[in-house]
Amino acid sequence: MSSSTDRRNIAVGPRNGGAAVKGVTQRVHSPNRSRNDPLEEDVQAFLIDENQLHTFDDLTKVNPVTPATVLKCLQARYRLKVFYTHAGCTLVALNPFQPIPDLYSVDVMKEYHYATQPQEFKPHIFIVAEEAYRNVQGQLEPVNQSLVVSGESGAGKTWTSRCLMKYYATVAASAQAVSSQDAAGRIERRVLDSNPLMEAFGNACTLRNNNSSRFGKYIQLQLDRAQLLVGASVQTYLLEKTRVACQPANERNFHIFYQMMKGATDEQRTDWMMPQHQGFVWLPNCEKQIEEDGFLETTEAMAHLGIDAERQRQIFRILAGILHLGNVSFCSSTSESQPCDLDQHSEDFLQRAGELLGVPAEELCRCLRVRTLKAGKQNVLKPCSRAECGVRRDCLAKVVYGQLFEWLVTFINSCICAGQSKWRNFIGVLDVYGFECFQINNLEQLCINYANEKLQQHFVAHYLRAQQEEYVSEGLEWSFVKYQDNQSCLDLLEGSPISVFSLLNEESRLNRASDSTALRGRLEKELGGNDNICWDKFSKVPHFNVAHYAGKVSYQLEGMVEKNKDPVPPELIGLLQKSDNLLLHEIFSDKETEIPNSKGLSRVTVISKFKNSLENLMKLLLTTAPHYTRCIKPNSDCRPLTFKNREVILQLEACGIVETIHISAAGFPIRIPLKSFVQRYGPIGKCSASSRLDTDPDAEGADVLQQQVEKLLRVALQHNASRDERRSLVHCGKTKVFLTQPMLDLLEDRRGKVLSRCAFTIQCCWLRHQRRRRLARRQSATLIQAAVRSWLVRKRIRRWNGAASVIQNTWKKWRALLKSLAEAELDDAEDLAADDSPALSAVVRERGSVQLSSCQEPVPVRGWPMGLALASAPSITVSLAATGFQKMISVMTSLNLPSRRGEYKVETNQYKQGLASIRARPRGSVKLHYQRSPLLYADMQPDLKSDVTGFNEILLEKTL
């Protein structure tokens with residue numbers, strides 16, 4: 001075993017910088033230290049400068065590690081409202097007993113989630129949550145994670161579990177779910193809504209805590225391949241059903257009953273037959289106001305989970321019926337052969353209870369006062385005593401509430417649980433009842449403390465004992481640390497063949513009335529040699545004392561056997577199966593109603609069921625990577641920011657915090673198998689800049705794997721670390737590699753850089769491949785487009801050429817046809833072609849004279865615009881070439897314009913002389929082409945006062 005002084009010079013981790021610890025080390029070597037008690041002087045030297053104690057974010061940096069130094073550090077941090085502190089592999093959480101603004105906001109969640117190294121931030125429950133989430137993302141075996149939240153009742157376990165679930169519902173939500181407006185349909189919302197609903201039905205106000213969990217639950221948050229939250233499932237353990245019918249002094253019933261009393265509307269009260277000022281026996285301390293009395297929040301959670309209004313009405317009517325049933329009391333009958341009588345004020349409550357539970361009141365009264373026994377093949381009715389009637393009434397209330405709670409958990413799982421194919425890994429959150437020690441402790445406290453013993457044993461086996469044993473088996477140089485092992489206490493409670501549980505089960509299976517005094521004698525006889533059990537010889541009450549890891553608890557034997565039997569009269573089950581309440585009928589439709597005979601034994605006891613479920617939980621925890629959070633209760637009065645040293649030091653010793661700090665400070669909390677180490681960190685050696693190391697991830701031999709691990713470690717440390725420094729960071733064992741957190745951070749950083757370079761190389765190659773592929777496709781597309789375009793152009797040109805040929809041929813044919821038609825219309829075409837008219841002399845042409853052909857009779861002069869050839873019926877052709885004034889006269893003549901003074905008489909033979917046609921022939925720069933004579937369209941007598949329009953204007957434009 002190594003003493004605390006052997007670890008005074010341990011190197012500090014990355015969280016605190018080492019400055020404060022270095023100063024403490026100098027104080028340890030003070031020359032005034034007493035040689036007789038060096039540890040005490042170390043403690044005094046450490047505690048001199050208390051102003052710096054709050055800077056220790058990790059208790060492994062405390063030097064020396066003693067309960068006094070740890071307590072002082074926690075007290076200094078608590079005084080400054082710092083409620084979280086690392087203790088090696090464990091997070092210590094102190095309950096402030098008051099709301100702390102912005103400590104659990106969404107911004108804080110995102111800050112820890114997106115941080116590169118969350119461990120460098122201040123200690124927080126979100127660091128534990130993020131570490132578990134990143135382990136799932138890294139797929140490092142074991143991939144599934146468990147967050148174990150433990151501590152005494154009132155230490156803050158329920159609040160811590162609620163914060164963990166809210167964290168995962170925030171950081172593991174998909175982007176589509178976050179942007180979705182249908183909040184009621186999101187799985188994250190349904191998972192969070194399951195919390196207030198289960199707390200309303202399963203939590204109660206006790207002496208130690210206003211919101212004490214009266215059941216245990218393990219919530220599996222299911223993640224898909226992308227590490228997104230897709231579902232969840234809830235497993236519950238040992239609901240404290242006895243609280244429904246029996247509440248300890250100054251404590252309350254379950255929250256849901258008080259929520260109904262304080263938050264129901266007048267309409268609901270009428271439906272439940274609960275007047276405003278009606279009192280109920282099973283609702284003590286109803287005047288106390290606590291934060292959990294939120295009826296509206298519970299109904300909203302029901303609606304979000306899919307419980308419609310009608311089903312809610314059925315649930316609340318059942319709960320109201322249980323309350324009315326609690327007001328039913330009995331009076332002893334005058335004769336033992338007659339059933340007990342109802343109290344004078346109980347008939348009305350019995351009638352209401354029967355109506356709310358959907359059963360006839362008369363039959364309900366008969367089942368409570370008369371029991372059915374099976375003798376052979378006949379059933380015998382036996383009246384019950386007053387005490388038995390009360391037990392049967394309480395049993396009815398407990399079984400109805402217990403089955404309603406189980407139905408509610410099943411319904412929640414059906415709403416939030418994802419299919420097996422949709423999720424891949426899970427993160428479990430374990431929230432169980434804390435260690436309890438009251439003035440009167442019975443079977444419930446025994447089971448609760450047994451569960452805490454199992455969790456403590458899991459912590460000891462997984463971390464303390466397992467690590468030390470594994471260090472030795474793997475060849476590490478290790479000095480053992482003494483710790484408190486509770487295996488002997490577990491052997492006392494559950495050992496084989498004789499234990500407390502086996503004796504209680506044996507007594508419960510006997511068909512006889514239990515004798516607590518005889519049971520005490522048997523326990524003393526069979527288990528008297530165990531150091532963890534003892535008896536108070538001066539006490540007259542049958543009991544036994546158990547020395548638990550968290551303290552000694554005295555358990556009363558009176559009524560323990562009956563509670564372990566948990567008998568349910570079959571006639572009550574048969575009555576509930578015929579209920580008109582559809583939900584109650586559905587719950588009890590599968591229950592067996594067979595009446596056991598006088599020799600029959602109880603099938604399953606409460607202890608057996610709880611033990612089996614707890615063993616299954618332990619098996620599940622062993623397959624996951626655990627993360628521990630120890631909740632500490634600063635004071636038993638639940639007063640804000642009040643720190644009581646005595647109470648805190650007892651919890652630190654009971655939880656093994658000091659031993660945990662010892663082992664965490666000197667040991668290697670992270671262990672990875674050799675093959676997994678080579679497979680995960682092999683890329684570091686392959687992509688090393690200094691030396692390339694080829695590793696074989698499929699190698700099987702231990703020697704080969706050890707050589708590869710050594711090479712990887714040399715590459716990771718870059719040959720700069722000394723041997724002592726390396727031994728303080730990492731150790732290569734026979735089958736595993738043992739790492740400290742700084743070494744793991746270094747390896748993960750190197751691996752991340754290597755993967756980033758590889759990813760960059762892959763991206764470059766892929767982009768180059770994509771560019772080449774796009775270029776080849778572009779060239780191919782260009783070639784295809786050019787070929788198609790050339791083919792289309794050639795095709796279009798061929799069509800154009802063909803069309804042009806057709807047009808040309810058609811035009812030529814048309815011109816020929818027109819020419820032939822024009823020639824056929826011309827009179828004296830041969831004369832025109834011959835052009836035999838005598839040529840004009842130069843003088844006449846110059847002066848604009850007109851030379852006519854010799855004729856026997858005078859003919860009128862016919863003047864036409866220049867460029868027109870006239871063919872007349874008398875075959876008289878006059879050609880006129882005029883310039884200047886004569887040209888004007890010629891135009892006026894052709895248009896039949898009268899002269900101003902009447903000096904000239906110009907006539908036209910357009911109609912008189914039988915003008916056939918006019919054909920335009922090219923003369924100079926004038927080219928006119930007409931099929932008919934343009935004179936047909938000319939105005940023969942235009943008005944001199946008006947402008948010349950129509951064809952006259954055209955002629956003038958062409959001649960002038």
# chains A, B, ... in the order shown; residues from 1 in each chain; ligands from 1
>>> residues_around(residues="stretch 649-654 of chain A", least_positions_apart="2", cutoff="9 Å", atoms="only C-alpha atoms", output="PyMOL selection string")
chain A and resi 67-68+70-71+151-152+484+548-551+632-633+644-647+656-659
>>> write_last_selection(atoms="N, CA, C and O atoms", output="PDB file, in the first residue's frame")
ATOM      1  N   PRO A  67      -9.073  13.398   3.415  1.00  0.00           N
ATOM      2  CA  PRO A  67     -10.456  13.896   3.533  1.00  0.00           C
ATOM      3  C   PRO A  67     -10.523  15.366   3.906  1.00  0.00           C
ATOM      4  O   PRO A  67     -11.404  16.091   3.424  1.00  0.00           O
ATOM      5  N   ALA A  68      -9.591  15.842   4.742  1.00  0.00           N
ATOM      6  CA  ALA A  68      -9.621  17.255   5.151  1.00  0.00           C
ATOM      7  C   ALA A  68      -9.318  18.184   3.986  1.00  0.00           C
ATOM      8  O   ALA A  68      -9.993  19.202   3.797  1.00  0.00           O
ATOM      9  N   VAL A  70      -9.599  17.547   0.735  1.00  0.00           N
ATOM     10  CA  VAL A  70     -10.684  17.469  -0.254  1.00  0.00           C
ATOM     11  C   VAL A  70     -11.895  18.254   0.224  1.00  0.00           C
ATOM     12  O   VAL A  70     -12.541  18.984  -0.549  1.00  0.00           O
ATOM     13  N   LEU A  71     -12.236  18.112   1.496  1.00  0.00           N
ATOM     14  CA  LEU A  71     -13.382  18.833   2.043  1.00  0.00           C
ATOM     15  C   LEU A  71     -13.181  20.338   1.954  1.00  0.00           C
ATOM     16  O   LEU A  71     -14.096  21.080   1.569  1.00  0.00           O
ATOM     17  N   GLY A 151     -25.941   9.052  -5.199  1.00  0.00           N
ATOM     18  CA  GLY A 151     -25.887   9.972  -4.076  1.00  0.00           C
ATOM     19  C   GLY A 151     -27.052   9.758  -3.140  1.00  0.00           C
ATOM     20  O   GLY A 151     -27.970   8.975  -3.418  1.00  0.00           O
ATOM     21  N   GLU A 152     -27.039  10.449  -2.025  1.00  0.00           N
ATOM     22  CA  GLU A 152     -28.117  10.329  -1.059  1.00  0.00           C
ATOM     23  C   GLU A 152     -29.388  10.975  -1.573  1.00  0.00           C
ATOM     24  O   GLU A 152     -29.384  11.736  -2.542  1.00  0.00           O
ATOM     25  N   GLN A 484     -12.479   0.967   0.547  1.00  0.00           N
ATOM     26  CA  GLN A 484     -13.556   0.279   1.255  1.00  0.00           C
ATOM     27  C   GLN A 484     -14.319  -0.599   0.284  1.00  0.00           C
ATOM     28  O   GLN A 484     -14.944  -0.115  -0.652  1.00  0.00           O
ATOM     29  N   HIS A 548     -23.953  -0.686   6.161  1.00  0.00           N
ATOM     30  CA  HIS A 548     -23.804  -0.412   4.727  1.00  0.00           C
ATOM     31  C   HIS A 548     -22.540   0.412   4.494  1.00  0.00           C
ATOM     32  O   HIS A 548     -21.910   0.912   5.446  1.00  0.00           O
ATOM     33  N   TYR A 549     -22.181   0.568   3.240  1.00  0.00           N
ATOM     34  CA  TYR A 549     -21.006   1.375   2.903  1.00  0.00           C
ATOM     35  C   TYR A 549     -21.222   2.826   3.299  1.00  0.00           C
ATOM     36  O   TYR A 549     -20.267   3.558   3.572  1.00  0.00           O
ATOM     37  N   ALA A 550     -22.491   3.274   3.307  1.00  0.00           N
ATOM     38  CA  ALA A 550     -22.781   4.671   3.627  1.00  0.00           C
ATOM     39  C   ALA A 550     -23.190   4.866   5.073  1.00  0.00           C
ATOM     40  O   ALA A 550     -23.486   5.991   5.470  1.00  0.00           O
ATOM     41  N   GLY A 551     -23.225   3.806   5.871  1.00  0.00           N
ATOM     42  CA  GLY A 551     -23.601   3.959   7.276  1.00  0.00           C
ATOM     43  C   GLY A 551     -24.435   2.793   7.755  1.00  0.00           C
ATOM     44  O   GLY A 551     -24.847   1.912   6.984  1.00  0.00           O
ATOM     45  N   ILE A 632     -23.544  15.245  -4.016  1.00  0.00           N
ATOM     46  CA  ILE A 632     -23.306  15.444  -2.592  1.00  0.00           C
ATOM     47  C   ILE A 632     -24.357  16.419  -2.044  1.00  0.00           C
ATOM     48  O   ILE A 632     -24.641  17.456  -2.664  1.00  0.00           O
ATOM     49  N   LYS A 633     -24.888  16.069  -0.894  1.00  0.00           N
ATOM     50  CA  LYS A 633     -25.881  16.917  -0.232  1.00  0.00           C
ATOM     51  C   LYS A 633     -25.175  17.771   0.817  1.00  0.00           C
ATOM     52  O   LYS A 633     -24.704  17.248   1.838  1.00  0.00           O
ATOM     53  N   LYS A 644     -22.297  21.990   5.476  1.00  0.00           N
ATOM     54  CA  LYS A 644     -22.015  21.391   6.774  1.00  0.00           C
ATOM     55  C   LYS A 644     -20.929  20.339   6.609  1.00  0.00           C
ATOM     56  O   LYS A 644     -21.124  19.326   5.915  1.00  0.00           O
ATOM     57  N   ASN A 645     -19.803  20.612   7.241  1.00  0.00           N
ATOM     58  CA  ASN A 645     -18.629  19.769   7.036  1.00  0.00           C
ATOM     59  C   ASN A 645     -18.862  18.315   7.444  1.00  0.00           C
ATOM     60  O   ASN A 645     -18.448  17.394   6.740  1.00  0.00           O
ATOM     61  N   ARG A 646     -19.502  18.110   8.583  1.00  0.00           N
ATOM     62  CA  ARG A 646     -19.670  16.752   9.085  1.00  0.00           C
ATOM     63  C   ARG A 646     -20.487  15.897   8.134  1.00  0.00           C
ATOM     64  O   ARG A 646     -20.132  14.758   7.834  1.00  0.00           O
ATOM     65  N   GLU A 647     -21.577  16.438   7.624  1.00  0.00           N
ATOM     66  CA  GLU A 647     -22.433  15.675   6.715  1.00  0.00           C
ATOM     67  C   GLU A 647     -21.729  15.404   5.386  1.00  0.00           C
ATOM     68  O   GLU A 647     -21.853  14.324   4.807  1.00  0.00           O
ATOM     69  N   GLY A 656     -16.394   6.737  -1.341  1.00  0.00           N
ATOM     70  CA  GLY A 656     -15.048   6.363  -1.772  1.00  0.00           C
ATOM     71  C   GLY A 656     -14.385   7.401  -2.641  1.00  0.00           C
ATOM     72  O   GLY A 656     -13.568   7.063  -3.501  1.00  0.00           O
ATOM     73  N   ILE A 657     -14.712   8.672  -2.412  1.00  0.00           N
ATOM     74  CA  ILE A 657     -14.153   9.733  -3.253  1.00  0.00           C
ATOM     75  C   ILE A 657     -12.645   9.843  -3.043  1.00  0.00           C
ATOM     76  O   ILE A 657     -11.870  10.012  -3.997  1.00  0.00           O
ATOM     77  N   VAL A 658     -12.194   9.755  -1.794  1.00  0.00           N
ATOM     78  CA  VAL A 658     -10.766   9.924  -1.518  1.00  0.00           C
ATOM     79  C   VAL A 658      -9.964   8.816  -2.177  1.00  0.00           C
ATOM     80  O   VAL A 658      -8.912   9.064  -2.793  1.00  0.00           O
ATOM     81  N   GLU A 659     -10.445   7.564  -2.079  1.00  0.00           N
ATOM     82  CA  GLU A 659      -9.741   6.453  -2.742  1.00  0.00           C
ATOM     83  C   GLU A 659      -9.742   6.628  -4.253  1.00  0.00           C
ATOM     84  O   GLU A 659      -8.763   6.314  -4.937  1.00  0.00           O
TER      85      GLU A 659
END
>>> residues_around(residues="A:Leu396", least_positions_apart="5", cutoff="10 Å", atoms="only C-alpha atoms", output="ChimeraX atom specification")
/A:245,322,325,367-368,390-391,401-402,568-569,572-573,576
>>> write_last_selection(atoms="N, CA, C and O atoms", output="PDB file, in the first residue's frame")
ATOM      1  N   ALA A 245     -50.980   4.230   0.148  1.00  0.00           N
ATOM      2  CA  ALA A 245     -51.895   4.004   1.266  1.00  0.00           C
ATOM      3  C   ALA A 245     -51.285   4.307   2.624  1.00  0.00           C
ATOM      4  O   ALA A 245     -52.012   4.337   3.626  1.00  0.00           O
ATOM      5  N   ILE A 322     -59.078   6.144  -6.167  1.00  0.00           N
ATOM      6  CA  ILE A 322     -58.144   5.694  -5.125  1.00  0.00           C
ATOM      7  C   ILE A 322     -58.229   6.607  -3.903  1.00  0.00           C
ATOM      8  O   ILE A 322     -58.234   6.142  -2.746  1.00  0.00           O
ATOM      9  N   LEU A 325     -61.311   5.891  -2.034  1.00  0.00           N
ATOM     10  CA  LEU A 325     -61.184   4.604  -1.364  1.00  0.00           C
ATOM     11  C   LEU A 325     -60.424   4.736  -0.052  1.00  0.00           C
ATOM     12  O   LEU A 325     -60.677   4.000   0.912  1.00  0.00           O
ATOM     13  N   CYS A 367     -66.118  -7.546  -1.703  1.00  0.00           N
ATOM     14  CA  CYS A 367     -64.755  -8.027  -1.905  1.00  0.00           C
ATOM     15  C   CYS A 367     -63.805  -7.517  -0.824  1.00  0.00           C
ATOM     16  O   CYS A 367     -62.816  -8.186  -0.498  1.00  0.00           O
ATOM     17  N   LEU A 368     -64.105  -6.335  -0.287  1.00  0.00           N
ATOM     18  CA  LEU A 368     -63.236  -5.788   0.759  1.00  0.00           C
ATOM     19  C   LEU A 368     -63.478  -6.453   2.115  1.00  0.00           C
ATOM     20  O   LEU A 368     -62.562  -6.520   2.939  1.00  0.00           O
ATOM     21  N   GLY A 390     -58.911  -3.424   6.208  1.00  0.00           N
ATOM     22  CA  GLY A 390     -58.032  -2.312   5.879  1.00  0.00           C
ATOM     23  C   GLY A 390     -56.877  -2.733   4.993  1.00  0.00           C
ATOM     24  O   GLY A 390     -56.486  -2.001   4.079  1.00  0.00           O
ATOM     25  N   VAL A 391     -56.330  -3.918   5.230  1.00  0.00           N
ATOM     26  CA  VAL A 391     -55.236  -4.421   4.391  1.00  0.00           C
ATOM     27  C   VAL A 391     -55.721  -4.660   2.972  1.00  0.00           C
ATOM     28  O   VAL A 391     -55.026  -4.325   1.992  1.00  0.00           O
ATOM     29  N   TYR A 401     -52.777   1.404  -8.463  1.00  0.00           N
ATOM     30  CA  TYR A 401     -51.790   2.451  -8.778  1.00  0.00           C
ATOM     31  C   TYR A 401     -50.539   1.848  -9.420  1.00  0.00           C
ATOM     32  O   TYR A 401     -49.984   2.425 -10.369  1.00  0.00           O
ATOM     33  N   GLY A 402     -50.086   0.699  -8.905  1.00  0.00           N
ATOM     34  CA  GLY A 402     -48.899   0.074  -9.482  1.00  0.00           C
ATOM     35  C   GLY A 402     -49.099  -0.330 -10.926  1.00  0.00           C
ATOM     36  O   GLY A 402     -48.235  -0.110 -11.783  1.00  0.00           O
ATOM     37  N   VAL A 568     -52.196 -10.211  -3.578  1.00  0.00           N
ATOM     38  CA  VAL A 568     -53.309  -9.528  -4.222  1.00  0.00           C
ATOM     39  C   VAL A 568     -54.482 -10.500  -4.230  1.00  0.00           C
ATOM     40  O   VAL A 568     -54.426 -11.547  -4.896  1.00  0.00           O
ATOM     41  N   PRO A 569     -55.528 -10.236  -3.470  1.00  0.00           N
ATOM     42  CA  PRO A 569     -56.682 -11.149  -3.465  1.00  0.00           C
ATOM     43  C   PRO A 569     -57.241 -11.335  -4.865  1.00  0.00           C
ATOM     44  O   PRO A 569     -57.500 -10.346  -5.574  1.00  0.00           O
ATOM     45  N   LEU A 572     -60.374  -9.427  -5.967  1.00  0.00           N
ATOM     46  CA  LEU A 572     -60.211  -8.020  -6.345  1.00  0.00           C
ATOM     47  C   LEU A 572     -59.800  -7.890  -7.811  1.00  0.00           C
ATOM     48  O   LEU A 572     -60.267  -6.991  -8.518  1.00  0.00           O
ATOM     49  N   ILE A 573     -58.926  -8.791  -8.274  1.00  0.00           N
ATOM     50  CA  ILE A 573     -58.529  -8.768  -9.690  1.00  0.00           C
ATOM     51  C   ILE A 573     -59.732  -9.057 -10.573  1.00  0.00           C
ATOM     52  O   ILE A 573     -59.964  -8.400 -11.603  1.00  0.00           O
ATOM     53  N   LEU A 576     -61.908  -5.963 -10.806  1.00  0.00           N
ATOM     54  CA  LEU A 576     -61.356  -4.916 -11.676  1.00  0.00           C
ATOM     55  C   LEU A 576     -61.431  -5.297 -13.143  1.00  0.00           C
ATOM     56  O   LEU A 576     -61.496  -4.417 -14.013  1.00  0.00           O
TER      57      LEU A 576
END
>>> atom_distance(atom1="atom CA of A:Ser233", atom2="atom CA of A:Asn612")
18.9 Å
>>> atom_distance(atom1="atom CA of A:Leu381", atom2="atom CA of A:Lys565")
21.9 Å
>>> select_by_dssp(residues="stretch 143-178 of chain A", states="strand (DSSP E)", output="list in words")
Gln145, Ser146, Leu147, Val148, Val149, Ser150 and Gly151 of chain A
>>> write_last_selection(atoms="C-alpha atoms", output="mmCIF file, in the first residue's frame")
data_model
loop_
_atom_site.group_PDB
_atom_site.id
_atom_site.type_symbol
_atom_site.label_atom_id
_atom_site.label_comp_id
_atom_site.auth_asym_id
_atom_site.auth_seq_id
_atom_site.Cartn_x
_atom_site.Cartn_y
_atom_site.Cartn_z
ATOM 1 C CA GLN A 145 -22.219 4.498 -22.637
ATOM 2 C CA SER A 146 -23.808 4.691 -19.184
ATOM 3 C CA LEU A 147 -24.068 7.770 -16.990
ATOM 4 C CA VAL A 148 -24.415 6.602 -13.393
ATOM 5 C CA VAL A 149 -25.799 9.317 -11.128
ATOM 6 C CA SER A 150 -25.611 8.331 -7.455
ATOM 7 C CA GLY A 151 -25.887 9.972 -4.076
#
>>> closest_residue(among="A:Ala76, A:Leu443, A:Ala169, A:Ala87", to="A:Ser664", atoms="only C-alpha atoms")
A:Ala87
>>> select_by_dssp(residues="stretch 69-299 of chain A", states="helix (DSSP H, G or I)", output="ChimeraX atom specification")
/A:69-79,106-113,118-120,125-138,157-171,175-179,183-185,187-202,242-245,255-263,266-272,295-299
>>> atom_distance(atom1="atom CA of A:Ser335", atom2="atom CA of A:Thr372")
18.6 Å
>>> closest_residue(among="A:Arg243, A:Arg671, A:His662, A:Lys166", to="A:His731", atoms="only C-alpha atoms")
A:Arg671
>>> residues_around(residues="stretch 733-741 of chain A", least_positions_apart="2", cutoff="6 Å", atoms="only C-alpha atoms", output="ChimeraX atom specification")
/A:474,668,670-674,729-731,743-744
>>> residues_around(residues="A:Val561", least_positions_apart="4", cutoff="9 Å", atoms="only C-alpha atoms", output="list of chain:residue names")
A:Leu443, A:Leu504, A:Asn505, A:Glu507, A:Ser508, A:Ser514, A:Asp515, A:Ser516, A:Leu557, A:Lys565, A:Asp566
>>> write_last_selection(atoms="N, CA, C and O atoms", output="PDB file, in the first residue's frame")
ATOM      1  N   LEU A 443     -39.038  -2.897   4.323  1.00  0.00           N
ATOM      2  CA  LEU A 443     -38.586  -3.608   3.124  1.00  0.00           C
ATOM      3  C   LEU A 443     -38.193  -2.636   2.011  1.00  0.00           C
ATOM      4  O   LEU A 443     -37.240  -2.893   1.268  1.00  0.00           O
ATOM      5  N   LEU A 504     -35.847 -14.229   4.072  1.00  0.00           N
ATOM      6  CA  LEU A 504     -37.126 -13.532   3.906  1.00  0.00           C
ATOM      7  C   LEU A 504     -37.995 -14.209   2.855  1.00  0.00           C
ATOM      8  O   LEU A 504     -39.217 -14.356   3.040  1.00  0.00           O
ATOM      9  N   ASN A 505     -37.408 -14.644   1.743  1.00  0.00           N
ATOM     10  CA  ASN A 505     -38.173 -15.335   0.717  1.00  0.00           C
ATOM     11  C   ASN A 505     -38.707 -16.666   1.229  1.00  0.00           C
ATOM     12  O   ASN A 505     -39.847 -17.061   0.928  1.00  0.00           O
ATOM     13  N   GLU A 507     -39.424 -17.416   4.305  1.00  0.00           N
ATOM     14  CA  GLU A 507     -40.514 -17.131   5.231  1.00  0.00           C
ATOM     15  C   GLU A 507     -41.765 -16.678   4.485  1.00  0.00           C
ATOM     16  O   GLU A 507     -42.899 -16.997   4.897  1.00  0.00           O
ATOM     17  N   SER A 508     -41.588 -15.979   3.396  1.00  0.00           N
ATOM     18  CA  SER A 508     -42.736 -15.481   2.641  1.00  0.00           C
ATOM     19  C   SER A 508     -43.457 -16.594   1.891  1.00  0.00           C
ATOM     20  O   SER A 508     -44.671 -16.500   1.641  1.00  0.00           O
ATOM     21  N   SER A 514     -46.726 -14.691   9.633  1.00  0.00           N
ATOM     22  CA  SER A 514     -45.326 -14.449   9.943  1.00  0.00           C
ATOM     23  C   SER A 514     -45.154 -14.022  11.394  1.00  0.00           C
ATOM     24  O   SER A 514     -46.014 -13.344  11.973  1.00  0.00           O
ATOM     25  N   ASP A 515     -44.040 -14.427  11.977  1.00  0.00           N
ATOM     26  CA  ASP A 515     -43.691 -14.078  13.344  1.00  0.00           C
ATOM     27  C   ASP A 515     -42.363 -13.328  13.290  1.00  0.00           C
ATOM     28  O   ASP A 515     -41.310 -13.912  13.015  1.00  0.00           O
ATOM     29  N   SER A 516     -42.393 -12.028  13.553  1.00  0.00           N
ATOM     30  CA  SER A 516     -41.191 -11.214  13.428  1.00  0.00           C
ATOM     31  C   SER A 516     -40.150 -11.592  14.471  1.00  0.00           C
ATOM     32  O   SER A 516     -38.940 -11.543  14.204  1.00  0.00           O
ATOM     33  N   LEU A 557     -38.552  -5.599  11.441  1.00  0.00           N
ATOM     34  CA  LEU A 557     -39.032  -6.856  10.863  1.00  0.00           C
ATOM     35  C   LEU A 557     -40.552  -6.932  10.830  1.00  0.00           C
ATOM     36  O   LEU A 557     -41.102  -7.754  10.090  1.00  0.00           O
ATOM     37  N   LYS A 565     -44.396 -10.624   0.392  1.00  0.00           N
ATOM     38  CA  LYS A 565     -45.368 -11.463  -0.324  1.00  0.00           C
ATOM     39  C   LYS A 565     -46.120 -10.651  -1.370  1.00  0.00           C
ATOM     40  O   LYS A 565     -46.393 -11.135  -2.464  1.00  0.00           O
ATOM     41  N   ASP A 566     -46.483  -9.410  -0.989  1.00  0.00           N
ATOM     42  CA  ASP A 566     -47.274  -8.534  -1.865  1.00  0.00           C
ATOM     43  C   ASP A 566     -48.507  -9.269  -2.386  1.00  0.00           C
ATOM     44  O   ASP A 566     -48.720  -9.387  -3.598  1.00  0.00           O
TER      45      ASP A 566
END
